[in-house]
>>> print(open('target_0.cif').read())   # mmCIF, C-alpha atoms
data_entry
loop_
_atom_site.label_atom_id
_atom_site.label_comp_id
_atom_site.auth_asym_id
_atom_site.auth_seq_id
_atom_site.Cartn_x
_atom_site.Cartn_y
_atom_site.Cartn_z
CA MET A 183 -31.65 16.07 -22.91
CA THR A 184 -30.21 12.64 -22.10
CA SER A 185 -32.15 10.09 -20.05
CA ILE A 186 -30.18 7.51 -18.06
CA LYS A 187 -32.07 4.86 -16.11
CA LEU A 188 -31.50 1.44 -14.61
CA LYS A 189 -34.01 -1.11 -15.96
CA PHE A 190 -34.91 -4.68 -15.08
CA ARG A 191 -35.47 -7.25 -17.79
CA PRO A 192 -37.23 -10.35 -16.44
CA SER A 193 -36.15 -13.74 -17.71
CA THR A 194 -38.33 -15.44 -20.31
CA THR A 195 -37.94 -18.62 -18.26
CA PHE A 196 -40.19 -18.76 -15.21
CA GLY A 197 -38.33 -18.68 -11.88
CA LYS A 198 -34.97 -17.60 -13.34
CA GLU A 199 -33.11 -14.37 -12.66
CA GLY A 200 -33.53 -11.43 -14.99
CA SER A 201 -30.95 -8.86 -16.11
CA LEU A 202 -30.28 -5.31 -14.95
CA THR A 203 -29.42 -2.93 -17.77
CA PHE A 204 -28.62 0.74 -18.15
CA GLN A 205 -30.89 2.47 -20.65
CA LEU A 206 -29.55 5.64 -22.29
CA ILE A 207 -31.80 7.78 -24.51
CA HIS A 208 -30.55 10.85 -26.40
CA LYS A 209 -32.47 12.51 -29.23
CA ARG A 210 -34.56 9.36 -29.81
CA SER A 211 -31.42 7.25 -29.98
CA VAL A 212 -31.47 4.36 -27.49
CA GLN A 213 -28.50 2.44 -26.11
CA ARG A 214 -28.70 -0.39 -23.58
CA ILE A 215 -25.76 -1.67 -21.55
CA THR A 216 -26.23 -4.92 -19.68
CA SER A 217 -24.68 -5.04 -16.22
CA LYS A 218 -23.09 -8.15 -14.73
CA TYR A 219 -25.82 -8.44 -12.08
CA LYS A 220 -28.88 -10.67 -12.24
CA ILE A 221 -31.79 -10.59 -9.81
CA PHE A 222 -35.24 -12.13 -9.35
CA ALA A 223 -38.38 -10.18 -10.24
CA GLU A 224 -39.43 -9.88 -6.58
CA GLU A 225 -36.09 -8.18 -5.78
CA TRP A 226 -36.84 -5.22 -8.05
CA ASN A 227 -38.97 -2.13 -7.33
CA GLU A 228 -40.24 -0.96 -10.70
CA LYS A 229 -41.64 2.27 -9.29
CA THR A 230 -38.37 3.51 -7.74
CA GLY A 231 -36.04 1.74 -10.16
CA ARG A 232 -34.06 0.20 -7.31
CA ILE A 233 -33.10 -3.18 -5.89
CA ILE A 234 -35.14 -4.28 -2.87
CA LEU A 235 -32.83 -5.38 -0.06
CA PRO A 236 -33.96 -8.33 2.10
CA SER A 237 -33.15 -8.69 5.81
CA LYS A 238 -29.47 -8.98 6.69
CA SER A 239 -30.00 -12.61 7.67
CA SER A 240 -31.01 -13.48 4.10
CA PRO A 241 -28.40 -15.42 2.06
CA ARG A 242 -29.06 -12.96 -0.80
CA TYR A 243 -28.35 -9.83 1.25
CA THR A 244 -24.59 -9.56 0.65
CA TYR A 245 -24.94 -10.08 -3.10
CA LEU A 246 -27.83 -7.63 -3.49
CA ALA A 247 -26.23 -4.97 -1.27
CA SER A 248 -23.02 -5.20 -3.32
CA ALA A 249 -25.01 -5.04 -6.56
CA LYS A 250 -26.96 -2.00 -5.37
CA SER A 251 -23.79 -0.15 -4.38
CA ASP A 252 -21.91 -0.98 -7.60
CA LEU A 253 -24.86 -0.11 -9.84
CA LYS A 254 -25.32 3.23 -8.10
CA TRP A 255 -21.65 3.99 -8.74
CA GLU A 256 -21.91 2.91 -12.40
CA LEU A 257 -25.04 5.05 -12.86
CA GLY A 258 -23.19 8.08 -11.50
CA ARG A 259 -20.24 7.28 -13.73
CA LEU A 260 -22.51 7.18 -16.80
CA LYS A 261 -23.97 10.57 -15.93
CA ARG A 262 -20.50 12.07 -15.56
CA MET A 263 -19.44 10.58 -18.89
CA VAL A 264 -22.45 12.17 -20.60
CA GLN A 265 -21.70 15.54 -19.01
CA GLU A 266 -18.03 15.32 -20.00
CA SER A 267 -18.98 14.37 -23.57
CA LYS A 268 -21.31 17.37 -23.83
CA LYS A 269 -18.65 19.65 -22.39
CA THR A 270 -15.82 18.55 -24.70
CA THR A 271 -17.66 17.75 -27.97
CA GLY A 272 -20.97 19.55 -27.63
CA THR A 273 -22.88 16.33 -28.26
CA VAL A 274 -23.45 12.86 -26.79
CA ASN A 275 -22.26 9.75 -28.62
CA LEU A 276 -24.09 6.86 -26.94
CA ASN A 277 -22.18 4.20 -28.89
CA GLU A 278 -18.85 5.63 -27.75
CA ILE A 279 -20.01 5.83 -24.12
CA ALA A 280 -21.29 2.24 -24.23
CA ALA A 281 -18.00 1.02 -25.70
CA THR A 282 -16.04 2.82 -22.99
CA LEU A 283 -18.22 1.65 -20.12
CA SER A 284 -18.88 -1.97 -20.95
CA PRO A 285 -15.44 -3.56 -20.49
CA CYS A 286 -14.63 -2.00 -17.12
CA PRO A 287 -16.79 -3.95 -14.62
CA ASP A 288 -15.39 -7.33 -15.70
CA THR A 289 -11.81 -6.22 -16.38
CA PRO A 290 -9.61 -7.80 -13.68
CA ASP A 291 -7.01 -5.02 -13.80
CA SER A 292 -9.51 -2.17 -13.53
CA VAL A 293 -7.94 0.19 -10.99
CA PHE A 294 -11.21 1.18 -9.28
CA ASN A 295 -12.42 -2.41 -8.96
CA PHE A 296 -9.02 -3.62 -7.76
CA ILE A 297 -8.92 -1.05 -4.94
CA ARG A 298 -12.54 -1.84 -4.03
CA LYS A 299 -11.53 -5.49 -3.57
CA GLN A 300 -8.65 -4.42 -1.32
CA ILE A 301 -11.08 -2.34 0.76
CA GLN A 302 -13.36 -5.35 1.21
CA ARG A 303 -10.41 -7.58 2.09
CA LYS A 304 -9.21 -5.16 4.77
CA LYS A 305 -12.71 -5.06 6.26
CA ARG A 306 -12.81 -8.86 6.38
CA ILE A 307 -9.53 -9.07 8.30
CA GLY A 308 -10.59 -6.35 10.72
CA LYS A 309 -8.43 -3.49 9.43
CA ILE A 310 -11.30 -1.01 9.46
CA ARG A 311 -9.24 2.18 9.70
CA SER A 312 -7.03 1.03 6.83
CA SER A 313 -10.10 0.26 4.71
CA GLU A 314 -11.37 3.78 5.38
CA THR A 315 -8.12 5.38 4.20
CA TYR A 316 -8.26 3.25 1.04
CA GLN A 317 -11.86 4.36 0.52
CA SER A 318 -10.88 8.02 0.87
CA THR A 319 -8.08 7.57 -1.65
CA LEU A 320 -10.37 5.79 -4.12
CA LYS A 321 -13.00 8.51 -3.78
CA SER A 322 -10.37 11.18 -4.45
CA PHE A 323 -8.93 9.36 -7.47
CA ILE A 324 -12.39 8.70 -8.95
CA TYR A 325 -13.21 12.40 -8.60
CA PHE A 326 -9.93 13.34 -10.29
CA ARG A 327 -10.71 10.90 -13.13
CA LYS A 328 -14.31 12.21 -13.43
CA GLY A 329 -15.52 8.67 -12.86
CA MET A 330 -13.56 7.21 -15.77
CA ASP A 331 -12.03 3.89 -14.74
CA LEU A 332 -8.78 2.65 -16.25
CA THR A 333 -6.47 -0.33 -16.21
CA PHE A 334 -3.14 -0.43 -14.38
CA ASP A 335 -1.15 -0.41 -17.61
CA LEU A 336 -2.54 3.09 -18.28
CA ILE A 337 -1.07 4.48 -15.06
CA ASP A 338 2.13 6.30 -15.95
CA ALA A 339 4.36 9.04 -14.54
CA GLU A 340 2.49 11.79 -16.40
CA LEU A 341 -0.87 10.72 -14.95
CA MET A 342 0.51 10.67 -11.41
CA GLU A 343 2.04 14.12 -11.87
CA LEU A 344 -1.34 15.40 -13.07
CA TYR A 345 -3.04 13.80 -10.05
CA GLU A 346 -0.55 15.36 -7.64
CA ALA A 347 -1.01 18.78 -9.27
CA TRP A 348 -4.79 18.40 -9.02
CA LEU A 349 -4.58 17.49 -5.32
CA LEU A 350 -2.41 20.54 -4.60
CA LYS A 351 -4.81 22.74 -6.57
CA GLU A 352 -7.62 21.41 -4.36
CA GLY A 353 -5.76 22.93 -1.40
CA LEU A 354 -4.25 19.77 0.11
CA THR A 355 -0.88 19.88 1.85
CA ARG A 356 2.12 17.91 0.59
CA ASN A 357 1.74 15.40 3.41
CA THR A 358 -1.89 14.77 2.42
CA THR A 359 -1.12 14.43 -1.29
CA SER A 360 1.70 12.05 -0.35
CA PHE A 361 -0.74 10.05 1.77
CA TYR A 362 -3.09 9.46 -1.19
CA ILE A 363 -0.27 8.77 -3.62
CA ARG A 364 1.41 6.25 -1.28
CA ILE A 365 -1.84 4.27 -1.04
CA LEU A 366 -2.13 4.26 -4.84
CA ARG A 367 1.50 3.14 -5.03
CA THR A 368 0.81 0.27 -2.62
CA ASN A 369 -2.07 -0.94 -4.79
CA TYR A 370 -0.02 -0.50 -7.95
CA LYS A 371 2.82 -2.62 -6.54
CA LEU A 372 0.31 -5.28 -5.52
CA ALA A 373 -1.12 -5.26 -9.06
CA VAL A 374 2.43 -5.69 -10.40
CA GLU A 375 2.95 -8.66 -8.06
CA LYS A 376 -0.27 -10.23 -9.34
CA GLY A 377 0.91 -9.84 -12.93
CA LEU A 378 -1.77 -7.31 -13.90
CA THR A 379 0.84 -4.93 -15.31
CA THR A 380 4.58 -4.48 -15.68
CA ASP A 381 6.18 -1.90 -13.41
CA ARG A 382 6.51 1.36 -15.34
CA HIS A 383 7.65 3.28 -12.23
CA PRO A 384 4.84 5.87 -12.44
CA PHE A 385 5.59 7.38 -9.03
CA LYS A 386 9.19 8.46 -9.70
CA HIS A 387 8.32 12.16 -10.19
CA VAL A 388 5.73 12.64 -7.42
CA TYR A 389 6.29 13.25 -3.71
CA CYS A 390 5.83 10.17 -1.54
CA GLY A 391 7.63 11.35 1.61
CA MET A 392 6.59 13.02 4.85
CA ASP A 393 7.33 16.67 5.58
CA LYS A 394 8.17 17.56 9.15
CA THR A 395 5.23 19.25 10.84
CA VAL A 396 5.16 21.71 13.72
CA LYS A 397 4.53 19.77 16.91
CA ARG A 398 1.41 21.04 18.63
CA SER A 399 1.68 21.26 22.38
CA LEU A 400 0.40 23.27 25.32
CA THR A 401 2.21 24.37 28.45
CA LEU A 402 1.06 23.32 31.92
CA ASP A 403 -0.46 26.78 32.24
CA GLY A 404 -2.53 26.17 29.14
CA ILE A 405 -3.74 22.82 30.51
CA ARG A 406 -4.66 24.52 33.79
CA LYS A 407 -6.71 27.18 31.96
CA ILE A 408 -8.68 24.47 30.19
CA LYS A 409 -9.24 22.59 33.45
CA LYS A 410 -10.45 25.70 35.33
CA LEU A 411 -13.05 26.72 32.73
CA ASP A 412 -16.58 26.83 34.16
CA LEU A 413 -18.56 24.88 31.58
CA SER A 414 -21.36 23.72 33.88
CA LYS A 415 -23.97 25.41 31.67
CA LYS A 416 -22.49 23.98 28.49
CA PRO A 417 -22.46 20.18 28.92
CA GLY A 418 -21.26 19.53 25.35
CA LEU A 419 -18.19 21.73 25.84
CA GLY A 420 -17.71 20.28 29.32
CA PHE A 421 -17.62 16.71 28.06
CA ALA A 422 -15.17 17.62 25.29
CA ARG A 423 -12.93 19.38 27.83
CA ASP A 424 -13.03 16.36 30.15
CA LEU A 425 -12.16 13.96 27.33
CA PHE A 426 -9.23 16.22 26.47
CA LEU A 427 -8.05 16.18 30.09
CA PHE A 428 -8.54 12.40 30.39
CA SER A 429 -6.37 11.94 27.31
CA PHE A 430 -3.67 14.14 28.84
CA TYR A 431 -3.92 12.34 32.20
CA THR A 432 -3.39 9.03 30.42
CA ARG A 433 -0.20 10.17 28.64
CA GLY A 434 -1.90 11.28 25.44
CA MET A 435 -4.24 8.34 24.89
CA SER A 436 -5.83 8.49 21.43
CA PHE A 437 -9.54 9.12 21.11
CA ILE A 438 -10.28 5.69 19.63
CA ASP A 439 -8.52 4.01 22.54
CA MET A 440 -10.50 6.10 25.03
CA ALA A 441 -13.76 5.31 23.25
CA TYR A 442 -13.16 1.56 23.39
CA LEU A 443 -11.84 1.37 26.96
CA LYS A 444 -13.79 -1.29 28.85
CA LYS A 445 -14.78 -1.32 32.51
CA THR A 446 -12.78 -4.53 32.86
CA ASP A 447 -9.64 -2.66 31.72
CA LEU A 448 -9.62 -0.89 35.10
CA SER A 449 -8.46 -3.24 37.83
CA ASN A 450 -6.33 -3.10 40.98
CA GLY A 451 -5.50 0.58 40.55
CA CYS A 452 -4.27 0.17 36.97
CA LEU A 453 -5.74 0.84 33.54
CA THR A 454 -4.57 -1.75 31.01
CA TYR A 455 -5.42 -1.56 27.31
CA ARG A 456 -4.07 -2.31 23.85
CA ARG A 457 -3.43 0.54 21.43
CA LYS A 458 -5.68 0.19 18.38
CA LYS A 459 -2.92 1.60 16.19
CA THR A 460 -0.13 -0.81 17.14
CA GLY A 461 -1.69 -3.54 19.28
CA GLN A 462 0.81 -2.72 22.04
CA LEU A 463 -0.30 -3.45 25.59
CA LEU A 464 0.01 -0.44 27.93
CA THR A 465 -0.56 -0.20 31.67
CA ILE A 466 -1.22 3.15 33.38
CA GLU A 467 -1.50 3.83 37.08
CA TRP A 468 -5.05 5.01 37.87
CA THR A 469 -4.87 8.48 39.47
CA LYS A 470 -7.33 10.72 41.32
CA GLN A 471 -7.48 13.01 38.29
CA MET A 472 -8.68 10.15 36.09
CA GLN A 473 -11.19 9.03 38.73
CA GLY A 474 -12.46 12.59 38.98
CA ILE A 475 -13.42 12.49 35.29
CA LEU A 476 -15.05 9.07 35.68
CA ASN A 477 -17.10 10.26 38.68
CA LYS A 478 -18.76 12.96 36.56
CA TYR A 479 -20.29 10.59 34.02
CA GLN A 480 -22.40 7.46 33.93
CA SER A 481 -21.45 4.99 31.23
CA GLY A 482 -24.77 3.16 31.54
CA ASP A 483 -25.22 -0.54 30.92
CA THR A 484 -22.55 -0.85 28.23
CA GLN A 485 -19.19 -2.54 28.70
CA TYR A 486 -17.37 0.72 28.01
CA LEU A 487 -15.66 2.83 30.68
CA LEU A 488 -16.45 6.26 29.20
CA PRO A 489 -19.81 7.33 27.71
CA VAL A 490 -18.48 7.83 24.19
CA ILE A 491 -20.17 4.67 22.90
CA THR A 492 -23.57 4.54 24.57
CA HIS A 493 -25.36 1.83 22.55
CA GLU A 494 -24.07 -1.61 21.66
CA ASP A 495 -26.16 -2.09 18.54
CA GLY A 496 -23.58 -2.49 15.78
CA SER A 497 -23.12 1.25 15.34
CA GLU A 498 -20.21 1.54 17.77
CA ARG A 499 -17.70 2.79 15.20
CA LYS A 500 -20.12 5.43 13.90
CA GLN A 501 -20.75 6.61 17.47
CA TYR A 502 -17.02 6.92 18.13
CA GLN A 503 -16.42 8.82 14.86
CA SER A 504 -19.37 11.15 15.47
CA GLN A 505 -18.25 11.95 19.02
CA MET A 506 -14.66 12.52 17.87
CA ARG A 507 -15.77 15.08 15.28
CA LYS A 508 -18.00 16.75 17.82
CA THR A 509 -15.25 16.83 20.45
CA ASN A 510 -12.68 18.38 18.12
CA ARG A 511 -15.27 20.98 17.06
CA TYR A 512 -15.95 21.87 20.70
CA LEU A 513 -12.22 22.03 21.47
CA LYS A 514 -11.81 24.79 18.89
CA GLU A 515 -14.42 26.77 20.83
CA ILE A 516 -12.59 26.03 24.08
CA ALA A 517 -9.36 27.31 22.50
CA HIS A 518 -11.17 30.58 21.79
CA LEU A 519 -12.41 30.78 25.39
CA ILE A 520 -8.86 30.59 26.83
CA GLY A 521 -7.40 32.90 24.17
CA LEU A 522 -5.44 30.21 22.37
CA SER A 523 -4.36 31.34 18.91
CA MET A 524 -4.04 27.83 17.46
CA PRO A 525 -6.99 25.48 16.78
CA LEU A 526 -7.12 22.98 19.64
CA SER A 527 -7.68 19.26 19.01
CA LEU A 528 -7.21 15.99 20.88
CA TYR A 529 -3.93 15.52 19.05
CA TYR A 530 -2.43 18.21 21.30
CA THR A 531 -2.57 16.02 24.42
CA ARG A 532 0.07 13.57 23.24
CA HIS A 533 2.62 16.20 22.26
CA SER A 534 1.79 18.30 25.33
CA TRP A 535 2.45 15.40 27.71
CA ALA A 536 5.75 14.61 25.97
CA THR A 537 6.87 18.26 25.86
CA ILE A 538 6.00 18.90 29.51
CA ALA A 539 7.70 15.66 30.58
CA ARG A 540 10.83 16.65 28.64
CA GLY A 541 10.76 20.04 30.34
CA LYS A 542 10.76 18.26 33.70
CA HIS A 543 13.93 16.38 32.63
CA VAL A 544 12.17 13.03 32.32
CA PRO A 545 14.54 10.77 30.33
CA LEU A 546 13.68 10.42 26.65
CA SER A 547 13.53 6.64 27.02
CA ILE A 548 10.80 6.91 29.68
CA ILE A 549 8.85 9.38 27.56
CA SER A 550 9.04 6.93 24.67
CA GLU A 551 7.76 4.16 26.92
CA GLY A 552 4.98 6.37 28.22
CA LEU A 553 3.80 7.14 24.69
CA GLY A 554 4.01 3.52 23.62
CA HIS A 555 6.81 4.10 21.10
CA ASP A 556 8.37 0.66 21.50
CA SER A 557 8.50 0.24 17.71
CA GLU A 558 11.08 3.03 17.33
CA THR A 559 14.46 1.40 16.83
CA THR A 560 16.26 4.48 18.16
CA THR A 561 14.74 4.00 21.62
CA GLN A 562 14.17 0.26 21.74
CA ILE A 563 17.47 -0.53 23.52
CA TYR A 564 16.40 1.65 26.44
CA LEU A 565 12.84 0.39 26.67
CA ASP A 566 13.57 -3.19 27.67
CA SER A 567 14.91 -2.13 31.08
CA ILE A 568 12.21 0.44 31.91
CA LYS A 569 9.65 -0.61 34.48
CA SER A 570 6.03 0.48 34.34
CA ASN A 571 6.26 2.20 37.74
CA GLU A 572 8.95 4.56 36.43
CA VAL A 573 6.54 5.79 33.76
CA ASP A 574 3.76 6.09 36.37
CA LYS A 575 6.12 8.10 38.58
CA ALA A 576 6.79 10.44 35.67
CA ASN A 577 3.04 10.80 35.09
CA ARG A 578 2.40 11.59 38.78
CA ASN A 579 5.16 14.20 38.65
CA ILE A 580 3.34 15.92 35.79
CA LEU A 581 -0.21 15.65 37.17
CA LYS A 582 0.59 16.90 40.68
CA ASP A 583 1.17 20.41 39.32
CA LEU A 584 -2.33 20.70 37.86
#
>>> encode(input="target_0.cif", output="C-alpha cells")
Amino acid sequence: MTSIKLKFRPSTTFGKEGSLTFQLIHKRSVQRITSKYKIFAEEWNEKTGRIILPSKSSPRYTYLASAKSDLKWELGRLKRMVQESKKTTGTVNLNEIAATLSPCPDTPDSVFNFIRKQIQRKKRIGKIRSSETYQSTLKSFIYFRKGMDLTFDLIDAELMELYEAWLLKEGLTRNTTSFYIRILRTNYKLAVEKGLTTDRHPFKHVYCGMDKTVKRSLTLDGIRKIKKLDLSKKPGLGFARDLFLFSFYTRGMSFIDMAYLKKTDLSNGCLTYRRKKTGQLLTIEWTKQMQGILNKYQSGDTQYLLPVITHEDGSERKQYQSQMRKTNRYLKEIAHLIGLSMPLSLYYTRHSWATIARGKHVPLSIISEGLGHDSETTTQIYLDSIKSNEVDKANRNILKDL
C-alpha cells in the first residue's frame, strides 16, 4: 500500500510562508517532494489537507487558486505514476518517481505547462472557445501519457503516430484526431519559435487534414413536421423545437449567437448582431415567424433577447453551454417523434437553410452572404455588390412556405 498526501510545512520564521510538499510512503520508506508553492499557515486546512481559498477580491486569490489547481493535478499525476510503476515492475521505487516528478513543474519547455500557459493567455485575451479546445486537447494528451509530462525535444514522429493510433482506438473519427493533433502542432511550432526545441517535424506521418463530411440538412417538409408538433405538454421539448426553428428562421444562426442576442440588437424591424465565430456583422430582416417565437417566451430582466441566459451573475457561459447540451438532447427526441432516421441537432439548421435556398435557385453568392461566409475567397468577389435586402428577400421566399 502506498500513501500519497499533500503536507504543509510551516516556516521556522514567524510570519513567513511555509512550503507545500508531497509525502509518499511505501513499505515504511518515506519520500518528500517539495512543490514550488508557498503559503501562509492560515491558508492551509490541516484536517482536509487542502488550501483555503479567500474571497475573489483578495489579492491572494489568483495565486492560491492556481496553486490549488496545479497541486491537485500533480497529486493525480503522482498516483498514476505509482500505479504504472506497480503495473510494469511489480513494485514502487519512490526515489525514481521523485526524480521523474521533480524537474517538471519548473522546466520551461514542459509540454503540459506550456499548453496550460497558452490556455491562460487565450482566456486573458477573450478567446474563451479557443481556450476550451486547447484544454480538451491537453486533457486528451495527458490521459494518453498517463499523466507523465515531457519536454518538447522528446516529441518525435513515433510518439505522434502512437498518439494518433490511441485516439483512433478510443473511437474518435479522423477529423477529431486531426483536430487534437493540429492543436498540438500549433503549440509545438510556437515552442520552436521560442527556442524551446529544434523542429524535428514530428507531425509528418500523422493526419492533420479535414475529411469531407456528409452535409446534414432537412427538407421543407421536415421543417414543417417539426413546426407542427404539439409539444404543449412538454415545455422542454417545445423550447428546444422553438430554438431550432428560430435558428432556421435566422438563416442558420449558431446557438451561441442566439444565446447572446441582446434586446438592443432588435431595432427598426431588423436584427443586427456580430457572429461570435468570425466577428462579422450581420443584419436580418425581422419576420413574423421570428416574432412568433419571441411572443411565446419572457426573457425577464436580463439584457438578452431569448431566455437561454436567465441570470447575469457571471455564469452566463455555463448557462449557454448547459442549455445547448439540453437542446441537442431534446432535438434527438424530436427527431424520433417525426420519424427522422438521423440524429437531429442545431447544426442542421444552417445546412438546411442553404440547401433549401439552393433548391429555390437562390444564387450561390446570396446564400454565401446569408450564411455570413464573407471570408471565403471563392465567393468574396460576388459579396461586395450584394445588398442586405436581397438576402432578406431570399429568406422571406423560404419562410413563406412554412
>>> resolve_selection(input="target_0.cif", expression="the PyMOL selection byres ((chain A and resi 343) around 10)", output="ChimeraX atom specification")
/A:338-342,344-349,384-389
>>> residues_near_point(input="target_0.cif", point="(-31.1, 3.1, -9.9)", cutoff="8 Å", atoms="all atoms listed in the file", output="PyMOL selection string")
chain A and resi 187-189+230-233+250+253-254+257
>>> closest_residue(input="target_0.cif", among="A:Gly554, A:Pro525, A:Val573, A:Leu584", to="A:Gln462", atoms="only C-alpha atoms")
A:Gly554
>>> resolve_selection(input="target_0.cif", expression="the PyMOL selection byres ((chain A and resi 375-383) around 10)", output="number ranges by chain")
A: 290-292, 333-339, 367, 369-374, 384-387
>>> write_last_selection(input="target_0.cif", atoms="C-alpha atoms", output="tab-separated table (two decimals), in the frame of the given file")
chain	number	residue	atom	x	y	z
A	290	PRO	CA	-9.61	-7.80	-13.68
A	291	ASP	CA	-7.01	-5.02	-13.80
A	292	SER	CA	-9.51	-2.17	-13.53
A	333	THR	CA	-6.47	-0.33	-16.21
A	334	PHE	CA	-3.14	-0.43	-14.38
A	335	ASP	CA	-1.15	-0.41	-17.61
A	336	LEU	CA	-2.54	3.09	-18.28
A	337	ILE	CA	-1.07	4.48	-15.06
A	338	ASP	CA	2.13	6.30	-15.95
A	339	ALA	CA	4.36	9.04	-14.54
A	367	ARG	CA	1.50	3.14	-5.03
A	369	ASN	CA	-2.07	-0.94	-4.79
A	370	TYR	CA	-0.02	-0.50	-7.95
A	371	LYS	CA	2.82	-2.62	-6.54
A	372	LEU	CA	0.31	-5.28	-5.52
A	373	ALA	CA	-1.12	-5.26	-9.06
A	374	VAL	CA	2.43	-5.69	-10.40
A	384	PRO	CA	4.84	5.87	-12.44
A	385	PHE	CA	5.59	7.38	-9.03
A	386	LYS	CA	9.19	8.46	-9.70
A	387	HIS	CA	8.32	12.16	-10.19
>>> residues_around(input="target_0.cif", residues="stretch 472-484 of chain A", least_positions_apart="3", cutoff="9 Å", atoms="only C-alpha atoms", output="VMD selection string")
chain A and resid 421 424 to 425 427 to 428 431 to 432 444 to 445 468 to 469 487 to 494
>>> residues_around(input="target_0.cif", residues="A:Leu411", least_positions_apart="3", cutoff="12 Å", atoms="all atoms listed in the file", output="compact mmCIF listing (two decimals) with C-alpha atoms, keeping the file's coordinate frame")
# COMPACT_ATOMS: atom_id res chain seq x y z
CA GLY A 404 -2.53 26.17 29.14
CA ILE A 405 -3.74 22.82 30.51
CA ARG A 406 -4.66 24.52 33.79
CA LYS A 407 -6.71 27.18 31.96
CA ILE A 408 -8.68 24.47 30.19
CA SER A 414 -21.36 23.72 33.88
CA LYS A 415 -23.97 25.41 31.67
CA LYS A 416 -22.49 23.98 28.49
CA LEU A 419 -18.19 21.73 25.84
CA GLY A 420 -17.71 20.28 29.32
CA PHE A 421 -17.62 16.71 28.06
CA ALA A 422 -15.17 17.62 25.29
CA ARG A 423 -12.93 19.38 27.83
CA ASP A 424 -13.03 16.36 30.15
CA LEU A 427 -8.05 16.18 30.09
CA GLU A 515 -14.42 26.77 20.83
CA ILE A 516 -12.59 26.03 24.08
CA ALA A 517 -9.36 27.31 22.50
CA HIS A 518 -11.17 30.58 21.79
CA LEU A 519 -12.41 30.78 25.39
CA ILE A 520 -8.86 30.59 26.83
CA GLY A 521 -7.40 32.90 24.17
>>> atom_distance(input="target_0.cif", atom1="atom CA of A:Lys305", atom2="atom CA of A:Gln485")
23.5 Å
>>> residues_around(input="target_0.cif", residues="A:Ile324", least_positions_apart="4", cutoff="12 Å", atoms="only C-alpha atoms", output="PDB file with C-alpha atoms, in the frame of the given file")
ATOM      1  CA  TRP A 255     -21.650   3.990  -8.740  1.00  0.00           C
ATOM      2  CA  GLU A 256     -21.910   2.910 -12.400  1.00  0.00           C
ATOM      3  CA  GLY A 258     -23.190   8.080 -11.500  1.00  0.00           C
ATOM      4  CA  ARG A 259     -20.240   7.280 -13.730  1.00  0.00           C
ATOM      5  CA  ARG A 262     -20.500  12.070 -15.560  1.00  0.00           C
ATOM      6  CA  VAL A 293      -7.940   0.190 -10.990  1.00  0.00           C
ATOM      7  CA  PHE A 294     -11.210   1.180  -9.280  1.00  0.00           C
ATOM      8  CA  ASN A 295     -12.420  -2.410  -8.960  1.00  0.00           C
ATOM      9  CA  ILE A 297      -8.920  -1.050  -4.940  1.00  0.00           C
ATOM     10  CA  ARG A 298     -12.540  -1.840  -4.030  1.00  0.00           C
ATOM     11  CA  GLN A 317     -11.860   4.360   0.520  1.00  0.00           C
ATOM     12  CA  SER A 318     -10.880   8.020   0.870  1.00  0.00           C
ATOM     13  CA  THR A 319      -8.080   7.570  -1.650  1.00  0.00           C
ATOM     14  CA  LEU A 320     -10.370   5.790  -4.120  1.00  0.00           C
ATOM     15  CA  LYS A 328     -14.310  12.210 -13.430  1.00  0.00           C
ATOM     16  CA  GLY A 329     -15.520   8.670 -12.860  1.00  0.00           C
ATOM     17  CA  MET A 330     -13.560   7.210 -15.770  1.00  0.00           C
ATOM     18  CA  ASP A 331     -12.030   3.890 -14.740  1.00  0.00           C
ATOM     19  CA  LEU A 332      -8.780   2.650 -16.250  1.00  0.00           C
ATOM     20  CA  TYR A 345      -3.040  13.800 -10.050  1.00  0.00           C
ATOM     21  CA  LEU A 366      -2.130   4.260  -4.840  1.00  0.00           C
TER      22      LEU A 366
END
>>> atom_distance(input="target_0.cif", atom1="atom CA of A:Ser267", atom2="atom CA of A:Ile279")
8.6 Å
>>> closest_residue(input="target_0.cif", among="A:Lys209, A:Lys269, A:Lys198, A:Arg398", to="A:Glu224", atoms="only C-alpha atoms")
A:Lys198
>>> residues_around(input="target_0.cif", residues="A:Glu199", least_positions_apart="5", cutoff="7 Å", atoms="only C-alpha atoms", output="ChimeraX atom specification")
/A:192-193,220-222
>>> closest_residue(input="target_0.cif", among="A:Ala247, A:Leu235, A:Ile580, A:Ala223", to="A:Gln471", atoms="all atoms listed in the file")
A:Ile580
>>> residues_near_point(input="target_0.cif", point="(-0.7, 9.7, 3.0)", cutoff="12 Å", atoms="all atoms listed in the file", output="list in words")
Ser312, Thr315, Tyr316, Ser318, Thr319, Leu354, Thr355, Arg356, Asn357, Thr358, Thr359, Ser360, Phe361, Tyr362, Ile363, Arg364, Ile365, Leu366, Arg367, Thr368, Tyr389, Cys390, Gly391, Met392 and Asp393 of chain A
>>> atom_distance(input="target_0.cif", atom1="atom CA of A:Leu453", atom2="atom CA of A:Ala576")
15.9 Å
>>> resolve_selection(input="target_0.cif", expression="the PyMOL selection byres ((chain A and resi 210-218) around 9)", output="PyMOL selection string")
chain A and resi 201-209+219-220+249+253+276-277+280+283-284+287-288
>>> residues_around(input="target_0.cif", residues="A:Met440", least_positions_apart="4", cutoff="8 Å", atoms="only C-alpha atoms", output="list of chain:residue names")
A:Ser429, A:Met435, A:Ser436, A:Leu488
>>> closest_residue(input="target_0.cif", among="A:His533, A:Gln302, A:Leu443, A:Glu278", to="A:Ser248", atoms="only C-alpha atoms")
A:Gln302
